[in-house]
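> Supplied in structure tokens, the structure appears directly below.
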Amino acid sequence: MYEQAIEDIQEHKVIVILRGVEKAKLIPLCEAMYAGGIRLVECTYDARGAISDEEIAGNIEMLAKHFAGRMQIGAGTVLREAQVALTAAAGGTFIISPDTNEQIIRATKAAGLVSIPGAITPTEIALAHRVGADFVKVFPVDLYGPKYIKTLAAPLSHVKMLAVNGITAENMSDYLAAGACGVGVGSGIADKKLIAAGDFEGITALAKHYTEKL
């Protein structure tokens, strides 16, 4: 499961970030994205606690069971070790955080999940890799642009980096060409207006707009 998740992230490259989507719409939303070529989905925990960790883990479990063998379902905004444990029990395969937290990285690896902490400076990126991260989420990458990834990739060529924040279908190829091995995309695919309207065909079209550029 761990090796397959690593392979799928490197092959399919686009991780769609889902935040605050109601449970009833998760499966049709993800089916629509799947039809558009998406194979990686991140369900974020709520840092404010407005949605309980258990509810988010329940969503991950539902998606992991429904899409078993078809999509990799992981967790995002993971800030506590308890969330790692909940994700592992739910059948999630990867853990994404906004920051580099050594305890979270180690807990993720101990649970047999793929570790993707967030970092922005060379020091943070190197530390995350040294502690055991499988990929490093360069976040918020849009403050610096593709040239920043290219600059980092020279001395940190051993680190697999994902570009996250402000990624569009138009600039995605620039980040990949600069050295990123994948990207994180939010509303560019999981458009809240389309989701609210139940326009899942529109979601499929957005997903295809990204995946066809790969």
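All residue names refer to the structure tokens as shown: chains lettered A, B, ... in order, residues numbered from 1 in each chain, ligands numbered from 1 in order.
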Find the spatial neighbours of range 49-62 of chain A, counting only C-alpha atoms, within a cut-off of 7 Å - ignore same-chain residues fewer than 6 positions away - and output them as a list in words.

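Result of the neighbour search: Lys23, Cys43, Ile73, Gln83, Leu86, Thr87, Ala90, Gly91 and Gly92 of chain A.
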
> As a PDB file with N, CA and C atoms, in the first residue's frame, please: every residue in range 60-159 of chain A that a backbone DSSP assignment puts in strand (DSSP E or B).


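Heads up, here's the output in out.pdb:
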```
ATOM      1  N   GLN A  72      -6.015   7.039  -4.496  1.00  0.00           N
ATOM      2  CA  GLN A  72      -5.335   7.149  -3.211  1.00  0.00           C
ATOM      3  C   GLN A  72      -6.013   8.279  -2.436  1.00  0.00           C
ATOM      4  N   ILE A  73      -6.495   7.958  -1.244  1.00  0.00           N
ATOM      5  CA  ILE A  73      -7.167   8.943  -0.400  1.00  0.00           C
ATOM      6  C   ILE A  73      -6.280   9.224   0.813  1.00  0.00           C
ATOM      7  N   GLY A  74      -5.982  10.493   1.046  1.00  0.00           N
ATOM      8  CA  GLY A  74      -5.148  10.858   2.179  1.00  0.00           C
ATOM      9  C   GLY A  74      -5.748  11.981   2.989  1.00  0.00           C
ATOM     10  N   ALA A  75      -4.996  12.449   3.966  1.00  0.00           N
ATOM     11  CA  ALA A  75      -5.451  13.513   4.862  1.00  0.00           C
ATOM     12  C   ALA A  75      -4.563  14.735   4.729  1.00  0.00           C
ATOM     13  N   GLY A  76      -5.178  15.904   4.869  1.00  0.00           N
ATOM     14  CA  GLY A  76      -4.428  17.150   4.832  1.00  0.00           C
ATOM     15  C   GLY A  76      -4.639  17.950   6.098  1.00  0.00           C
ATOM     16  N   PHE A  94      -1.857   8.623   2.775  1.00  0.00           N
ATOM     17  CA  PHE A  94      -0.831   9.653   2.892  1.00  0.00           C
ATOM     18  C   PHE A  94      -1.262  10.758   3.843  1.00  0.00           C
ATOM     19  N   ILE A  95      -0.264  11.428   4.409  1.00  0.00           N
ATOM     20  CA  ILE A  95      -0.463  12.491   5.390  1.00  0.00           C
ATOM     21  C   ILE A  95       0.211  13.756   4.891  1.00  0.00           C
ATOM     22  N   ILE A  96      -0.570  14.830   4.761  1.00  0.00           N
ATOM     23  CA  ILE A  96      -0.042  16.119   4.322  1.00  0.00           C
ATOM     24  C   ILE A  96      -0.258  17.147   5.418  1.00  0.00           C
ATOM     25  N   VAL A 114       2.442   7.484   3.737  1.00  0.00           N
ATOM     26  CA  VAL A 114       3.349   8.372   3.008  1.00  0.00           C
ATOM     27  C   VAL A 114       3.361   9.734   3.690  1.00  0.00           C
ATOM     28  N   SER A 115       4.554  10.245   3.960  1.00  0.00           N
ATOM     29  CA  SER A 115       4.719  11.502   4.692  1.00  0.00           C
ATOM     30  C   SER A 115       4.976  12.663   3.734  1.00  0.00           C
ATOM     31  N   ILE A 116       4.107  13.700   3.823  1.00  0.00           N
ATOM     32  CA  ILE A 116       4.251  14.883   2.968  1.00  0.00           C
ATOM     33  C   ILE A 116       4.091  16.145   3.818  1.00  0.00           C
ATOM     34  N   GLY A 118       4.781  20.133   4.991  1.00  0.00           N
ATOM     35  CA  GLY A 118       4.942  21.389   4.280  1.00  0.00           C
ATOM     36  C   GLY A 118       6.196  22.118   4.724  1.00  0.00           C
ATOM     37  N   ALA A 119       6.834  22.820   3.789  1.00  0.00           N
ATOM     38  CA  ALA A 119       8.041  23.596   4.094  1.00  0.00           C
ATOM     39  C   ALA A 119       8.205  24.641   3.004  1.00  0.00           C
ATOM     40  N   VAL A 136       8.113  16.529  -0.034  1.00  0.00           N
ATOM     41  CA  VAL A 136       7.978  17.774   0.727  1.00  0.00           C
ATOM     42  C   VAL A 136       7.065  18.715  -0.054  1.00  0.00           C
ATOM     43  N   LYS A 137       6.047  19.189   0.612  1.00  0.00           N
ATOM     44  CA  LYS A 137       5.104  20.131   0.018  1.00  0.00           C
ATOM     45  C   LYS A 137       5.681  21.534   0.151  1.00  0.00           C
ATOM     46  N   VAL A 138       6.101  22.113  -0.968  1.00  0.00           N
ATOM     47  CA  VAL A 138       6.633  23.476  -0.945  1.00  0.00           C
ATOM     48  C   VAL A 138       5.425  24.425  -0.940  1.00  0.00           C
TER      49      VAL A 138
END
```

> Taking 2 positions as the minimum chain separation for residues in the same chain, which residues sit within 12 Å of Gly112 in chain A when counting only C-alpha atoms? Answer as a list of chain:residue names.

A:Met1, A:Tyr2, A:Glu3, A:Gln4, A:Ala5, A:Ile6, A:Val84, A:Ala85, A:Thr87, A:Ala88, A:Ala89, A:Gly91, A:Gly92, A:Thr93, A:Phe94, A:Ile95, A:Ile105, A:Arg106, A:Ala107, A:Thr108, A:Lys109, A:Ala110, A:Val114, A:Ser115, A:Gly132, A:Ala133, A:Asp134

> Just asking: which residues within chain A are alpha helix (DSSP H) according to DSSP, as a ChimeraX atom specification?

/A:2-12,23-35,53-66,81-90,102-110,122-131,146-153,172-178,192-197,200-211

> Mind giving me the straight-line distance from CA of Ile104 in chain A to CA of Thr77 in chain A in Å, one decimal?

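If I compute the distance from CA of Ile104 in chain A to CA of Thr77 in chain A, I get 11.2 Å.
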
> When distances are computed from only C-alpha atoms, which of A:Met33, A:Ile38, A:Ala178, A:Leu194 shows the smallest separation from Ala163 in chain A?

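Ranking A:Met33, A:Ile38, A:Ala178, A:Leu194 by distance to Ala163 in chain A, first place goes to A:Ala178.
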
> Enter the distance from CA of Glu31 in chain A to CA of Phe200 in chain A, in Å, rounded to one decimal.

8.6 Å

> At a cut-off of 12 Å, using only C-alpha atoms, what residues contact range 169-172 of chain A? Leave out same-chain residues fewer than 5 positions from it and give the result as a PyMOL selection string.

chain A and resi 13-14+141-142+145-147+162-164+177-189+205-214

> Skip Asn101 in chain A itself and residues of its chain fewer than 5 positions away, then list as a PyMOL selection string all residues within 10 Å of it, counting only C-alpha atoms.

chain A and resi 78-81+106+117-119+124+127-128+131

> Just write the chosen residues, all heavy atoms, as a short mmCIF file (atom, residue, chain, number, x, y, z; two decimals), in the first residue's frame.


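Writing done, so here's selection-v2.cif:
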```
data_model
loop_
_atom_site.label_atom_id
_atom_site.label_comp_id
_atom_site.auth_asym_id
_atom_site.auth_seq_id
_atom_site.Cartn_x
_atom_site.Cartn_y
_atom_site.Cartn_z
N VAL A 78 -2.81 18.05 8.65
CA VAL A 78 -2.57 17.17 9.79
C VAL A 78 -1.59 17.85 10.73
O VAL A 78 -0.42 18.05 10.40
CB VAL A 78 -2.04 15.80 9.32
CG1 VAL A 78 -1.72 14.93 10.53
CG2 VAL A 78 -3.06 15.13 8.42
N LEU A 79 -2.08 18.21 11.91
CA LEU A 79 -1.29 18.96 12.88
C LEU A 79 -1.05 18.20 14.19
O LEU A 79 -0.27 18.64 15.02
CB LEU A 79 -2.00 20.28 13.20
CG LEU A 79 -2.20 21.23 12.00
CD1 LEU A 79 -3.12 22.37 12.38
CD2 LEU A 79 -0.86 21.76 11.52
N ARG A 80 -1.74 17.06 14.35
CA ARG A 80 -1.62 16.30 15.59
C ARG A 80 -1.41 14.82 15.29
O ARG A 80 -1.95 14.30 14.31
CB ARG A 80 -2.88 16.47 16.45
CG ARG A 80 -3.11 17.89 16.92
CD ARG A 80 -4.28 18.00 17.89
NE ARG A 80 -5.55 17.66 17.24
CZ ARG A 80 -6.26 18.52 16.50
NH1 ARG A 80 -5.81 19.74 16.29
NH2 ARG A 80 -7.39 18.14 15.95
N GLU A 81 -0.66 14.16 16.14
CA GLU A 81 -0.38 12.74 15.95
C GLU A 81 -1.66 11.91 15.97
O GLU A 81 -1.77 10.89 15.28
CB GLU A 81 0.59 12.24 17.00
CG GLU A 81 2.00 12.79 16.84
CD GLU A 81 2.96 12.29 17.91
OE1 GLU A 81 3.05 11.05 18.06
OE2 GLU A 81 3.61 13.11 18.57
N ARG A 106 7.44 11.35 11.92
CA ARG A 106 7.81 10.06 12.50
C ARG A 106 6.57 9.19 12.76
O ARG A 106 6.60 7.98 12.52
CB ARG A 106 8.61 10.27 13.79
CG ARG A 106 10.00 10.86 13.54
CD ARG A 106 10.89 10.75 14.76
NE ARG A 106 12.24 11.19 14.45
CZ ARG A 106 12.73 12.39 14.74
NH1 ARG A 106 11.97 13.29 15.37
NH2 ARG A 106 13.98 12.72 14.43
N PRO A 117 5.13 16.54 4.56
CA PRO A 117 5.05 17.77 5.35
C PRO A 117 5.23 19.00 4.47
O PRO A 117 5.77 18.93 3.37
CB PRO A 117 6.22 17.62 6.32
CG PRO A 117 7.22 16.82 5.54
CD PRO A 117 6.41 15.84 4.73
N GLY A 118 4.78 20.13 4.99
CA GLY A 118 4.94 21.39 4.28
C GLY A 118 6.20 22.12 4.72
O GLY A 118 6.60 22.04 5.89
N ALA A 119 6.83 22.82 3.79
CA ALA A 119 8.04 23.60 4.09
C ALA A 119 8.21 24.64 3.00
O ALA A 119 7.65 24.51 1.92
CB ALA A 119 9.26 22.68 4.14
N GLU A 124 14.09 24.07 6.04
CA GLU A 124 12.92 23.27 6.39
C GLU A 124 12.79 22.06 5.47
O GLU A 124 12.48 20.95 5.94
CB GLU A 124 11.65 24.12 6.28
CG GLU A 124 11.53 25.21 7.32
CD GLU A 124 10.35 26.12 7.05
OE1 GLU A 124 9.94 26.26 5.87
OE2 GLU A 124 9.83 26.70 8.01
N LEU A 127 15.42 19.50 6.36
CA LEU A 127 15.09 18.88 7.64
C LEU A 127 13.98 17.86 7.47
O LEU A 127 14.06 16.74 7.99
CB LEU A 127 14.66 19.95 8.64
CG LEU A 127 14.09 19.44 9.97
CD1 LEU A 127 15.14 18.65 10.74
CD2 LEU A 127 13.55 20.59 10.82
N ALA A 128 12.93 18.23 6.75
CA ALA A 128 11.81 17.32 6.55
C ALA A 128 12.28 16.02 5.89
O ALA A 128 11.91 14.92 6.32
CB ALA A 128 10.74 17.99 5.68
N VAL A 131 14.38 13.85 8.31
CA VAL A 131 13.60 13.18 9.35
C VAL A 131 12.81 12.01 8.79
O VAL A 131 12.39 11.13 9.53
CB VAL A 131 12.66 14.21 10.04
CG1 VAL A 131 11.73 13.54 11.02
CG2 VAL A 131 13.48 15.26 10.77
#
```

> To one decimal place in Å, what is the distance between CA of Tyr175 in chain A and CA of Ala64 in chain A?

28.8 Å
